[in-house]
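J.: To start, I am sharing the structure in question, which I have written as structure tokens.
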Amino acid sequence: MADISRSIPCVLEELQSRKLLQDSTDTSLLAQRLASGPVSIYHGIDPTAPSLHLGNLIGVLVLRRFQLEGHRPIALVGGATGMVGDPSGRSEERNLLDADTLAANLSGIRAQLEKLLDFDNNAVLVNNYDWTRNLTLIEFLRDTGKHATVNQMVAKQSVRSRMQSDAGISYTEFTYMLMQAYDFWWLHTNHNCELQVGGSDQWGNIAAGVDLIRRRTATQVHGLTWPLLTRSDGTKFGKTAEGSVWLDPERTSSYRFHQYFMQVTDEDVGKMLLQFTMLSVSEIAELVEAHQREPQHREAQRRLAFEVTSLVHGSTQASAAESAAKILFGSPVEKVDEAALQAVAQEVPTSLLVRTPQGGFDAATGSFSLVDLLVATGLATSKGDARRGLAEGSVYVNNQRASSSAATVFSDQLLYGRYLLLRRGKRRHHLLRSH
RNA sequence: GGGUCGGUGCCCGAGUGGCCAAAGGGAACGGGCUGUAAACCCGUCGGCAUAGCCUUCGGAGGUUCAAAUCCUCCCCGGCCCA
């Protein structure tokens with residue numbers, strides 16, 4: 001590896017040291033090509049939702065890295081292929097998207113991409129529906145299908161595993177690979193695209209495109225993949241118990257987004273800094289070293305969370321998430337000023353504190369039942385769960401542990417007369433607010 | 001279509017008339033830790049409630065003092081035969 005890296009120019013070397021290089025077509029050829037001038041490079045994104053998620057972020061950031069080196073990124077949103085469905089990594093036939101959903105998804109994704117890639121400079125956003133829409137079957141079979149053998153296609157792991165499953169694979173999904181190959185060919189022909197990048201599950205599809213272009217135009221283009229992310233605990237990357245981590249703040253608030261990275265385990269933090277931030281490799285090495293010396297400061301996680309949140313939501317949001325976390329995870333809530341509390345309200349689930357029996361209010365004593373408040377805020381799933389929580393000491397009022405014997409909250413405990421910060425366990429917060 | 005085995009709590013899975021809110025494992029959650037980490041230890045894990053009560057074992061009926069367990073019909077899945 002060491003002897004190769006000497007001949008690899010900047011970007012490839014960079015990707016390699018960031019653990020973002022899994023497979024590629026002939027490395028030395030690709031290296032030569034990248035060294036000789038700007039290359040157009042494409043990465044495809046499935047528009048299955050109106051927002052990107054963390055899984056997509058890697059790819060977009062790879063494009064960004066290329067763009068920073070002077071290359072030209074082409075972000076392809078798969079309007080057409082989204083209607084077909086990629087069998088890669090899927091055990092079941094996929095639901096196809098209808099035109100309206102697709103249009104909505106495309107516009108959502110476009111907005112997010114604009115923050116990460118510089119379209120005013122030379123980045124391009126394309127939708128493969130534009131050139132697939134008018135493609136006739138005959139044309140496709142003659143110019144594309146002709147160059148692919150079924151033997152080869154069937155040999156692909158993604159296809160084979162599905163053929164062996166009970167559900168099978170539809171002809172439609174089977175053809176996906178060729179559509180993606182066609183995209184590469186089209187971009188090669190019309191945008192002079194010479195490199196396709198993707199996650200390692202895309203390798204088969206990328207290779208199919210490289211083959212197609214060689215057969216049709218007798219030119220050598222390139223492909224490159226990064227390893228699919230796994231976390232050391234084996235859980236799927238970018239997923240929480242609640243589901244995917246989205247870039248859309250409506251789906252995953254910037255605070256939660258920030259928290260996702262704050263809570264990354266020590267084992268993964270170095271790799272994630274490399275793959276998700278634009279910090280230099282050497283700076284990351286220093287950070288990781290410092291972190292290993294004093295892991296309790298969580299400097300690496302803090303930096304990771306801030307950097308990624310800044311990239312996606314902007315540094316203002318990142319700072320807001322950071323200071324909210326400082327309050328929520330610090331101890332003496334009484335010292336927090338009201339403005340900060342209001343800021344926190346933007347970040348964590350908040351609801352209205354109402355002085356009614358349903359809201360857990362006892363007019364006779366002017367106090368609230370903590371059990372009822374916990375249920376009302378969703379911090380407990382039932383009264384039994386709430387009592388259990390109190391018994392095991394997992395309930396905190398204004399960051400102070402509450403006990404079963406003192407399960408009432410009096411009005412004078414409200415901060416600034418109107419805020420009440422509830423917490424269940426270490427990291428589930430809820431802010432109650434009255435008028 | 002015939003045969004056969006099965007459908008149990010978030011998941012896997014024991015239980016085949018009362019001792020069953022239902023073993024065990026996993027996940028999850030909480031506590032102890034420390035660091036919003038991991039590992040580990042402990043605990044919780046249907047609901048309401050002071051003992052106790054109520055609602056659950058694919059669905060609907062039935063037998064019985066008593067059913068997840070027995071009977072009838074229906075729905076769904078695996079396997080074998082056609």
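Following the order of the structure tokens, chains are lettered A, B, ..., residues in each are numbered from 1, and ligands are numbered from 1.
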Near chain B, meaning an atom within 9 Å, which residues of chain A appear when counting only C-alpha atoms (C1' of nucleotides)? Write them as a list of chain:residue names.
T.: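 Within 9 Å of chain B on chain A, we get A:Gln259, A:Met262, A:Gln263, A:Val264, A:Thr265, A:Asp266, A:Glu267, A:Pro295, A:Gln296, A:His297, A:Arg298, A:Ala325, A:Phe329, A:Ser382, A:Lys383, A:Gly384, A:Arg388, A:Gly389, A:Glu392, A:Gly393, A:Ser394, A:Arg424, A:Gly425, A:Lys426, A:Arg427.
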J.: For A:Val344, find every residue with an atom within 9 Å (counting only C-alpha atoms (C1' of nucleotides)), except residues of its own chain fewer than 5 positions away, and show them as a PyMOL selection string.
T.: chain A and resi 320-321+323-325+327-328+339+431
J.: If you measure from atom CA of A:Tyr255 to atom CA of A:Glu347, what distance in Å do you get, rounded to one decimal?
T.: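 Going from atom CA of A:Tyr255 over to atom CA of A:Glu347 covers 5.5 Å.
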J.: Quick one: residues within 12 Å of B:A82, only C-alpha atoms (C1' of nucleotides), excluding same-chain residues fewer than 2 positions away - as a PDB file with C-alpha atoms (C1' of nucleotides), in the first residue's frame?
T.:
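Final output, result_11.pdb:
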ATOM      1  C1'   G B   1     -56.758 -29.421  -3.902  1.00  0.00           C
ATOM      2  C1'   G B   2     -54.768 -33.421  -0.105  1.00  0.00           C
ATOM      3  C1'   G B   3     -51.584 -34.097   4.077  1.00  0.00           C
ATOM      4  C1'   C B  80     -44.471 -32.502   1.877  1.00  0.00           C
TER       5        C B  80
END
J.: Determine, counting only C-alpha atoms (C1' of nucleotides), which protein, DNA and RNA residues have an atom within 12 Å of an atom of stretch 396-406 of chain A; residues of the same chain fewer than 6 positions away are not included. Present the result as a JSON list (two decimals) with N, CA and C atoms, in the first residue's frame.
T.:
[["chain", "number", "residue", "atom", "x", "y", "z"],
["A", 327, "ILE", "N", -26.60, 23.24, 28.75],
["A", 327, "ILE", "CA", -27.59, 23.46, 29.80],
["A", 327, "ILE", "C", -28.22, 22.15, 30.24],
["A", 328, "LEU", "N", -28.61, 21.35, 29.25],
["A", 328, "LEU", "CA", -29.34, 20.13, 29.58],
["A", 328, "LEU", "C", -28.47, 19.12, 30.31],
["A", 329, "PHE", "N", -27.20, 19.11, 30.00],
["A", 329, "PHE", "CA", -26.33, 18.13, 30.64],
["A", 329, "PHE", "C", -25.50, 18.71, 31.78],
["A", 330, "GLY", "N", -25.68, 20.00, 32.03],
["A", 330, "GLY", "CA", -25.01, 20.61, 33.17],
["A", 330, "GLY", "C", -25.89, 20.42, 34.39],
["A", 331, "SER", "N", -25.39, 20.80, 35.57],
["A", 331, "SER", "CA", -26.24, 20.55, 36.73],
["A", 331, "SER", "C", -27.11, 21.71, 37.19],
["A", 332, "PRO", "N", -26.56, 22.85, 37.59],
["A", 332, "PRO", "CA", -27.43, 23.82, 38.27],
["A", 332, "PRO", "C", -28.26, 24.65, 37.30],
["A", 333, "VAL", "N", -29.47, 24.17, 37.10],
["A", 333, "VAL", "CA", -30.35, 24.82, 36.13],
["A", 333, "VAL", "C", -30.80, 26.20, 36.58],
["A", 334, "GLU", "N", -30.79, 26.40, 37.90],
["A", 334, "GLU", "CA", -31.28, 27.68, 38.42],
["A", 334, "GLU", "C", -30.46, 28.85, 37.93],
["A", 335, "LYS", "N", -29.21, 28.58, 37.62],
["A", 335, "LYS", "CA", -28.34, 29.69, 37.23],
["A", 335, "LYS", "C", -28.49, 30.09, 35.77],
["A", 336, "VAL", "N", -29.24, 29.27, 35.05],
["A", 336, "VAL", "CA", -29.39, 29.56, 33.63],
["A", 336, "VAL", "C", -30.32, 30.75, 33.43],
["A", 341, "LEU", "N", -32.91, 29.49, 28.44],
["A", 341, "LEU", "CA", -33.99, 28.52, 28.55],
["A", 341, "LEU", "C", -34.89, 28.56, 27.33],
["A", 367, "SER", "N", -50.35, 22.28, 43.32],
["A", 367, "SER", "CA", -49.17, 21.53, 42.88],
["A", 367, "SER", "C", -49.52, 20.55, 41.76],
["A", 368, "PHE", "N", -48.50, 20.07, 41.11],
["A", 368, "PHE", "CA", -48.68, 19.11, 40.02],
["A", 368, "PHE", "C", -48.25, 17.72, 40.45],
["A", 369, "SER", "N", -48.94, 16.73, 39.91],
["A", 369, "SER", "CA", -48.51, 15.36, 40.14],
["A", 369, "SER", "C", -47.43, 15.01, 39.12],
["A", 370, "LEU", "N", -46.28, 14.66, 39.62],
["A", 370, "LEU", "CA", -45.16, 14.37, 38.74],
["A", 370, "LEU", "C", -45.47, 13.17, 37.84],
["A", 371, "VAL", "N", -46.17, 12.19, 38.39],
["A", 371, "VAL", "CA", -46.54, 11.02, 37.60],
["A", 371, "VAL", "C", -47.36, 11.44, 36.39],
["A", 373, "LEU", "N", -47.47, 14.37, 34.99],
["A", 373, "LEU", "CA", -46.65, 15.17, 34.07],
["A", 373, "LEU", "C", -45.79, 14.26, 33.20],
["A", 374, "LEU", "N", -45.25, 13.22, 33.79],
["A", 374, "LEU", "CA", -44.38, 12.32, 33.03],
["A", 374, "LEU", "C", -45.16, 11.62, 31.92],
["A", 379, "LEU", "N", -42.63, 11.09, 28.68],
["A", 379, "LEU", "CA", -41.39, 10.57, 29.27],
["A", 379, "LEU", "C", -41.66, 9.23, 29.97],
["A", 386, "ALA", "N", -44.17, 5.51, 35.05],
["A", 386, "ALA", "CA", -43.73, 6.73, 35.72],
["A", 386, "ALA", "C", -43.34, 6.42, 37.17],
["A", 387, "ARG", "N", -44.16, 5.65, 37.84],
["A", 387, "ARG", "CA", -43.86, 5.30, 39.25],
["A", 387, "ARG", "C", -42.60, 4.47, 39.33],
["A", 388, "ARG", "N", -42.48, 3.59, 38.37],
["A", 388, "ARG", "CA", -41.28, 2.75, 38.33],
["A", 388, "ARG", "C", -40.05, 3.65, 38.18],
["A", 389, "GLY", "N", -40.18, 4.61, 37.28],
["A", 389, "GLY", "CA", -39.07, 5.53, 37.04],
["A", 389, "GLY", "C", -38.68, 6.26, 38.32],
["A", 390, "LEU", "N", -39.69, 6.72, 39.04],
["A", 390, "LEU", "CA", -39.41, 7.43, 40.29],
["A", 390, "LEU", "C", -38.73, 6.49, 41.28],
["A", 413, "GLN", "N", -41.49, 25.86, 42.21],
["A", 413, "GLN", "CA", -40.33, 25.20, 41.61],
["A", 413, "GLN", "C", -40.12, 25.60, 40.16],
["A", 414, "LEU", "N", -41.13, 26.29, 39.60],
["A", 414, "LEU", "CA", -41.01, 26.68, 38.21],
["A", 414, "LEU", "C", -39.90, 27.73, 38.08],
["A", 415, "LEU", "N", -39.07, 27.54, 37.07],
["A", 415, "LEU", "CA", -38.00, 28.50, 36.84],
["A", 415, "LEU", "C", -38.60, 29.74, 36.19],
["A", 419, "TYR", "N", -41.13, 27.84, 33.78],
["A", 419, "TYR", "CA", -40.47, 26.72, 33.11],
["A", 419, "TYR", "C", -40.24, 25.56, 34.05],
["A", 420, "LEU", "N", -40.38, 24.38, 33.50],
["A", 420, "LEU", "CA", -40.08, 23.19, 34.29],
["A", 420, "LEU", "C", -39.35, 22.22, 33.37],
["A", 421, "LEU", "N", -38.15, 21.84, 33.78],
["A", 421, "LEU", "CA", -37.36, 20.95, 32.94],
["A", 421, "LEU", "C", -37.42, 19.54, 33.50],
["A", 422, "LEU", "N", -38.03, 18.64, 32.74],
["A", 422, "LEU", "CA", -38.13, 17.24, 33.17],
["A", 422, "LEU", "C", -37.12, 16.40, 32.42],
["A", 423, "ARG", "N", -36.66, 15.36, 33.08],
["A", 423, "ARG", "CA", -35.71, 14.48, 32.42],
["A", 423, "ARG", "C", -35.95, 13.05, 32.86],
["A", 424, "ARG", "N", -35.83, 12.15, 31.92],
["A", 424, "ARG", "CA", -35.96, 10.73, 32.24],
["A", 424, "ARG", "C", -34.66, 10.06, 31.82],
["A", 425, "GLY", "N", -34.02, 9.46, 32.77],
["A", 425, "GLY", "CA", -32.74, 8.84, 32.46],
["A", 425, "GLY", "C", -31.71, 9.90, 32.14],
["A", 426, "LYS", "N", -30.72, 9.52, 31.38],
["A", 426, "LYS", "CA", -29.64, 10.44, 31.13],
["A", 426, "LYS", "C", -29.95, 11.50, 30.09],
["A", 427, "ARG", "N", -30.68, 11.11, 29.07],
["A", 427, "ARG", "CA", -30.71, 12.02, 27.95],
["A", 427, "ARG", "C", -32.07, 12.30, 27.32],
["A", 428, "ARG", "N", -33.12, 11.93, 27.99],
["A", 428, "ARG", "CA", -34.43, 12.30, 27.43],
["A", 428, "ARG", "C", -34.97, 13.49, 28.21],
["A", 429, "HIS", "N", -35.10, 14.60, 27.51],
["A", 429, "HIS", "CA", -35.52, 15.84, 28.15],
["A", 429, "HIS", "C", -36.88, 16.29, 27.65],
["A", 430, "HIS", "N", -37.52, 17.05, 28.47],
["A", 430, "HIS", "CA", -38.76, 17.68, 28.04],
["A", 430, "HIS", "C", -38.92, 18.97, 28.83],
["A", 431, "LEU", "N", -39.24, 20.02, 28.12],
["A", 431, "LEU", "CA", -39.41, 21.30, 28.78],
["A", 431, "LEU", "C", -40.89, 21.66, 28.82],
["A", 432, "LEU", "N", -41.35, 21.97, 30.01],
["A", 432, "LEU", "CA", -42.75, 22.40, 30.15],
["A", 432, "LEU", "C", -42.76, 23.90, 30.38]]
J.: Contacts of A:Arg251 at 12 Å or less, counting only C-alpha atoms (C1' of nucleotides), minus same-chain residues fewer than 3 places along, as an NGL selection string?
T.: :A and (49-53 or 242-248 or 254-257)
J.: Quick one: residues within 10 Å of A:Leu304, only C-alpha atoms (C1' of nucleotides) counted, chain neighbours fewer than 5 positions away excluded, as a PyMOL selection string?
T.: chain A and resi 258+261-262+264+269-270+272-274+276-277+279+284+287+298-299+309-310
J.: Give me a file of those residues, with all heavy atoms, as a compact mmCIF listing (two decimals), in the first residue's frame.
T.:
# COMPACT_ATOMS: atom_id res chain seq x y z
N HIS A 258 -27.15 16.92 16.24
CA HIS A 258 -25.93 17.19 16.98
C HIS A 258 -25.70 16.11 18.04
O HIS A 258 -24.60 15.59 18.20
CB HIS A 258 -26.06 18.57 17.62
CG HIS A 258 -24.88 19.02 18.42
ND1 HIS A 258 -24.79 18.81 19.77
CD2 HIS A 258 -23.75 19.67 18.05
CE1 HIS A 258 -23.64 19.33 20.21
NE2 HIS A 258 -22.99 19.84 19.19
N PHE A 261 -24.18 12.72 17.03
CA PHE A 261 -22.73 12.66 16.92
C PHE A 261 -22.05 12.80 18.29
O PHE A 261 -20.98 12.25 18.51
CB PHE A 261 -22.23 13.73 15.95
CG PHE A 261 -22.58 13.41 14.52
CD1 PHE A 261 -23.68 13.98 13.91
CD2 PHE A 261 -21.82 12.49 13.81
CE1 PHE A 261 -24.01 13.66 12.60
CE2 PHE A 261 -22.15 12.17 12.49
CZ PHE A 261 -23.25 12.75 11.89
N MET A 262 -22.67 13.53 19.19
CA MET A 262 -22.14 13.65 20.54
C MET A 262 -22.05 12.29 21.21
O MET A 262 -21.19 12.03 22.04
CB MET A 262 -23.07 14.54 21.40
CG MET A 262 -22.77 16.01 21.38
SD MET A 262 -21.09 16.43 21.75
CE MET A 262 -21.08 16.36 23.55
N VAL A 264 -21.61 9.33 19.87
CA VAL A 264 -20.84 8.31 19.18
C VAL A 264 -19.81 7.68 20.13
O VAL A 264 -19.25 8.37 20.97
CB VAL A 264 -20.13 8.97 17.97
CG1 VAL A 264 -18.96 8.14 17.49
CG2 VAL A 264 -21.13 9.21 16.86
N VAL A 269 -15.35 7.28 16.83
CA VAL A 269 -15.29 8.72 16.64
C VAL A 269 -14.19 9.14 15.65
O VAL A 269 -14.38 10.04 14.84
CB VAL A 269 -15.17 9.45 18.00
CG1 VAL A 269 -13.78 9.30 18.59
CG2 VAL A 269 -15.52 10.91 17.83
N GLY A 270 -13.07 8.44 15.68
CA GLY A 270 -11.98 8.80 14.78
C GLY A 270 -12.38 8.60 13.33
O GLY A 270 -12.22 9.50 12.49
N MET A 272 -15.31 8.50 12.10
CA MET A 272 -16.38 9.41 11.70
C MET A 272 -15.85 10.82 11.46
O MET A 272 -16.33 11.53 10.58
CB MET A 272 -17.50 9.38 12.72
CG MET A 272 -18.22 8.03 12.66
SD MET A 272 -19.58 7.86 13.79
CE MET A 272 -20.75 9.02 13.09
N LEU A 273 -14.88 11.22 12.24
CA LEU A 273 -14.26 12.52 11.99
C LEU A 273 -13.65 12.54 10.58
O LEU A 273 -13.79 13.51 9.84
CB LEU A 273 -13.17 12.80 13.02
CG LEU A 273 -13.63 13.39 14.35
CD1 LEU A 273 -12.56 13.25 15.42
CD2 LEU A 273 -14.03 14.85 14.18
N LEU A 274 -13.01 11.44 10.23
CA LEU A 274 -12.39 11.37 8.92
C LEU A 274 -13.42 11.43 7.80
O LEU A 274 -13.24 12.12 6.81
CB LEU A 274 -11.59 10.06 8.80
CG LEU A 274 -10.29 9.98 9.60
CD1 LEU A 274 -9.77 8.56 9.64
CD2 LEU A 274 -9.26 10.92 9.00
N PHE A 276 -16.78 12.27 7.96
CA PHE A 276 -17.89 13.22 7.97
C PHE A 276 -17.49 14.68 8.10
O PHE A 276 -18.34 15.55 8.07
CB PHE A 276 -18.85 12.90 9.11
CG PHE A 276 -19.80 11.80 8.78
CD1 PHE A 276 -19.60 10.52 9.25
CD2 PHE A 276 -20.89 12.04 7.96
CE1 PHE A 276 -20.46 9.50 8.93
CE2 PHE A 276 -21.77 11.02 7.63
CZ PHE A 276 -21.54 9.75 8.11
N THR A 277 -16.23 14.94 8.35
CA THR A 277 -15.85 16.34 8.48
C THR A 277 -14.82 16.70 7.41
O THR A 277 -14.24 15.83 6.78
CB THR A 277 -15.23 16.66 9.86
OG1 THR A 277 -13.92 16.08 9.91
CG2 THR A 277 -16.08 16.11 10.99
N LEU A 279 -12.26 18.51 8.30
CA LEU A 279 -11.02 18.76 9.03
C LEU A 279 -9.89 17.95 8.38
O LEU A 279 -10.12 16.87 7.86
CB LEU A 279 -11.17 18.32 10.49
CG LEU A 279 -12.22 19.05 11.32
CD1 LEU A 279 -12.30 18.44 12.71
CD2 LEU A 279 -11.91 20.53 11.40
N ILE A 284 -7.23 15.81 12.63
CA ILE A 284 -8.02 14.75 13.23
C ILE A 284 -7.14 13.82 14.06
O ILE A 284 -7.50 13.41 15.16
CB ILE A 284 -8.78 13.96 12.14
CG1 ILE A 284 -9.87 14.83 11.53
CG2 ILE A 284 -9.39 12.69 12.72
CD1 ILE A 284 -10.52 14.28 10.29
N LEU A 287 -6.58 15.46 17.29
CA LEU A 287 -7.80 15.40 18.10
C LEU A 287 -7.95 14.04 18.75
O LEU A 287 -8.25 13.92 19.94
CB LEU A 287 -9.01 15.64 17.19
CG LEU A 287 -9.70 16.97 17.24
CD1 LEU A 287 -10.73 17.06 16.14
CD2 LEU A 287 -10.36 17.15 18.59
N ARG A 298 -14.37 14.29 26.11
CA ARG A 298 -15.17 14.07 24.92
C ARG A 298 -14.91 15.12 23.84
O ARG A 298 -15.81 15.51 23.11
CB ARG A 298 -16.66 14.04 25.25
CG ARG A 298 -17.03 13.04 26.32
CD ARG A 298 -18.50 13.03 26.62
NE ARG A 298 -19.26 12.58 25.47
CZ ARG A 298 -19.34 11.33 25.09
NH1 ARG A 298 -18.73 10.39 25.75
NH2 ARG A 298 -20.03 11.01 24.02
N GLU A 299 -13.67 15.57 23.77
CA GLU A 299 -13.34 16.60 22.80
C GLU A 299 -13.64 16.14 21.37
O GLU A 299 -14.14 16.88 20.53
CB GLU A 299 -11.86 16.99 22.92
CG GLU A 299 -11.59 18.35 23.53
CD GLU A 299 -12.74 19.32 23.53
OE1 GLU A 299 -13.12 19.78 22.43
OE2 GLU A 299 -13.28 19.63 24.61
N THR A 309 -22.72 19.23 12.23
CA THR A 309 -23.92 20.05 12.34
C THR A 309 -23.73 21.37 11.59
O THR A 309 -24.65 21.86 10.94
CB THR A 309 -24.27 20.32 13.82
OG1 THR A 309 -24.28 19.08 14.52
CG2 THR A 309 -25.65 20.96 13.94
N SER A 310 -22.54 21.92 11.66
CA SER A 310 -22.26 23.16 10.92
C SER A 310 -22.39 22.94 9.42
O SER A 310 -22.98 23.76 8.72
CB SER A 310 -20.85 23.65 11.20
OG SER A 310 -20.73 24.00 12.55
J.: Which residues are near B:C75? Cut-off 12 Å, only C-alpha atoms (C1' of nucleotides), ignore same chain within fewer than 6 positions. Put them as a short mmCIF file (atom, residue, chain, number, x, y, z; two decimals) with all heavy atoms, in the first residue's frame.
T.:
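Okay, selection-v7.cif is ready:
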data_model
loop_
_atom_site.label_atom_id
_atom_site.label_comp_id
_atom_site.auth_asym_id
_atom_site.auth_seq_id
_atom_site.Cartn_x
_atom_site.Cartn_y
_atom_site.Cartn_z
P G B 7 -47.39 -22.16 17.50
OP1 G B 7 -46.61 -21.81 18.69
OP2 G B 7 -48.79 -22.58 17.65
"O5'" G B 7 -47.35 -20.98 16.46
"C5'" G B 7 -46.66 -19.75 16.69
"C4'" G B 7 -47.35 -18.72 15.83
"O4'" G B 7 -48.13 -19.43 14.86
"C3'" G B 7 -48.32 -17.82 16.58
"O3'" G B 7 -47.85 -16.47 16.56
"C2'" G B 7 -49.62 -17.89 15.83
"O2'" G B 7 -50.02 -16.61 15.35
"C1'" G B 7 -49.31 -18.73 14.60
N9 G B 7 -50.39 -19.66 14.28
C8 G B 7 -50.47 -21.00 14.60
N7 G B 7 -51.56 -21.57 14.14
C5 G B 7 -52.23 -20.55 13.48
C6 G B 7 -53.46 -20.57 12.80
O6 G B 7 -54.23 -21.51 12.61
N1 G B 7 -53.77 -19.32 12.27
C2 G B 7 -52.98 -18.20 12.41
N2 G B 7 -53.45 -17.08 11.84
N3 G B 7 -51.83 -18.15 13.04
C4 G B 7 -51.52 -19.38 13.55
P G B 58 -52.51 -17.48 19.76
OP1 G B 58 -53.63 -18.27 20.28
OP2 G B 58 -51.30 -18.10 19.20
"O5'" G B 58 -53.12 -16.50 18.65
"C5'" G B 58 -52.42 -15.30 18.30
"C4'" G B 58 -53.09 -14.67 17.11
"O4'" G B 58 -52.84 -15.49 15.95
"C3'" G B 58 -54.61 -14.60 17.22
"O3'" G B 58 -55.04 -13.45 17.91
"C2'" G B 58 -55.02 -14.57 15.75
"O2'" G B 58 -54.84 -13.29 15.20
"C1'" G B 58 -54.00 -15.53 15.13
N9 G B 58 -54.50 -16.91 15.09
C8 G B 58 -53.92 -18.00 15.69
N7 G B 58 -54.59 -19.09 15.50
C5 G B 58 -55.67 -18.71 14.70
C6 G B 58 -56.73 -19.47 14.16
O6 G B 58 -56.95 -20.68 14.27
N1 G B 58 -57.60 -18.69 13.42
C2 G B 58 -57.46 -17.35 13.22
N2 G B 58 -58.41 -16.77 12.48
N3 G B 58 -56.47 -16.61 13.73
C4 G B 58 -55.62 -17.36 14.45
P G B 59 -56.39 -13.50 18.74
OP1 G B 59 -56.53 -12.21 19.44
OP2 G B 59 -56.46 -14.77 19.50
"O5'" G B 59 -57.48 -13.57 17.57
"C5'" G B 59 -57.83 -12.40 16.85
"C4'" G B 59 -59.06 -12.67 16.02
"O4'" G B 59 -58.77 -13.76 15.09
"C3'" G B 59 -60.27 -13.18 16.79
"O3'" G B 59 -61.01 -12.12 17.37
"C2'" G B 59 -61.06 -13.90 15.71
"O2'" G B 59 -61.77 -12.98 14.89
"C1'" G B 59 -59.94 -14.54 14.91
N9 G B 59 -59.67 -15.91 15.34
C8 G B 59 -58.61 -16.37 16.09
N7 G B 59 -58.65 -17.65 16.31
C5 G B 59 -59.80 -18.08 15.66
C6 G B 59 -60.37 -19.37 15.54
O6 G B 59 -59.95 -20.45 15.99
N1 G B 59 -61.54 -19.36 14.80
C2 G B 59 -62.10 -18.24 14.25
N2 G B 59 -63.23 -18.43 13.58
N3 G B 59 -61.58 -17.02 14.35
C4 G B 59 -60.44 -17.02 15.05
P A B 60 -61.86 -12.43 18.68
OP1 A B 60 -62.37 -11.14 19.16
OP2 A B 60 -61.10 -13.32 19.58
"O5'" A B 60 -63.08 -13.27 18.08
"C5'" A B 60 -63.99 -12.68 17.16
"C4'" A B 60 -65.02 -13.70 16.75
"O4'" A B 60 -64.38 -14.76 16.00
"C3'" A B 60 -65.68 -14.43 17.91
"O3'" A B 60 -66.69 -13.65 18.51
"C2'" A B 60 -66.20 -15.70 17.21
"O2'" A B 60 -67.36 -15.43 16.47
"C1'" A B 60 -65.03 -15.99 16.27
N9 A B 60 -64.08 -16.92 16.90
C8 A B 60 -62.94 -16.61 17.61
N7 A B 60 -62.29 -17.66 18.05
C5 A B 60 -63.06 -18.74 17.61
C6 A B 60 -62.93 -20.13 17.76
N6 A B 60 -61.91 -20.71 18.41
N1 A B 60 -63.87 -20.92 17.19
C2 A B 60 -64.87 -20.34 16.53
N3 A B 60 -65.12 -19.05 16.33
C4 A B 60 -64.17 -18.29 16.89
#
J.: Compare B:U72, B:U64, B:U4, B:U55 by their minimum atom-to-atom distance to B:G18, counting only C-alpha atoms (C1' of nucleotides), and give me the closest one.
T.: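 With only C-alpha atoms (C1' of nucleotides) as the atom set, the closest residue is B:U64.
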J.: Could you check how far atom CA of A:His43 sits from atom CA of A:Leu311, in Å to one decimal?
T.: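 Answer for the atom CA of A:His43 to atom CA of A:Leu311 separation: 19.0 Å.
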J.: At what distance in Å, to one decimal, does atom CA of A:Leu54 lie from atom CA of A:His291?
T.: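 So the answer is 24.0 Å.
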J.: DSSP on the backbone, strand (DSSP E or B) only: what residues of stretch 188-398 of chain A does that give? Format it as a PyMOL selection string.
T.: chain A and resi 193-199+222-226+230+236+239-240+243-244+246+350-352+361-362+367-369+395-397
J.: May I ask which of the residues B:G17, B:A22, B:C12, B:C5 is the closest one to B:U69, counting only C-alpha atoms (C1' of nucleotides)?
T.: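 For B:U69, the nearest of the given residues is B:G17.
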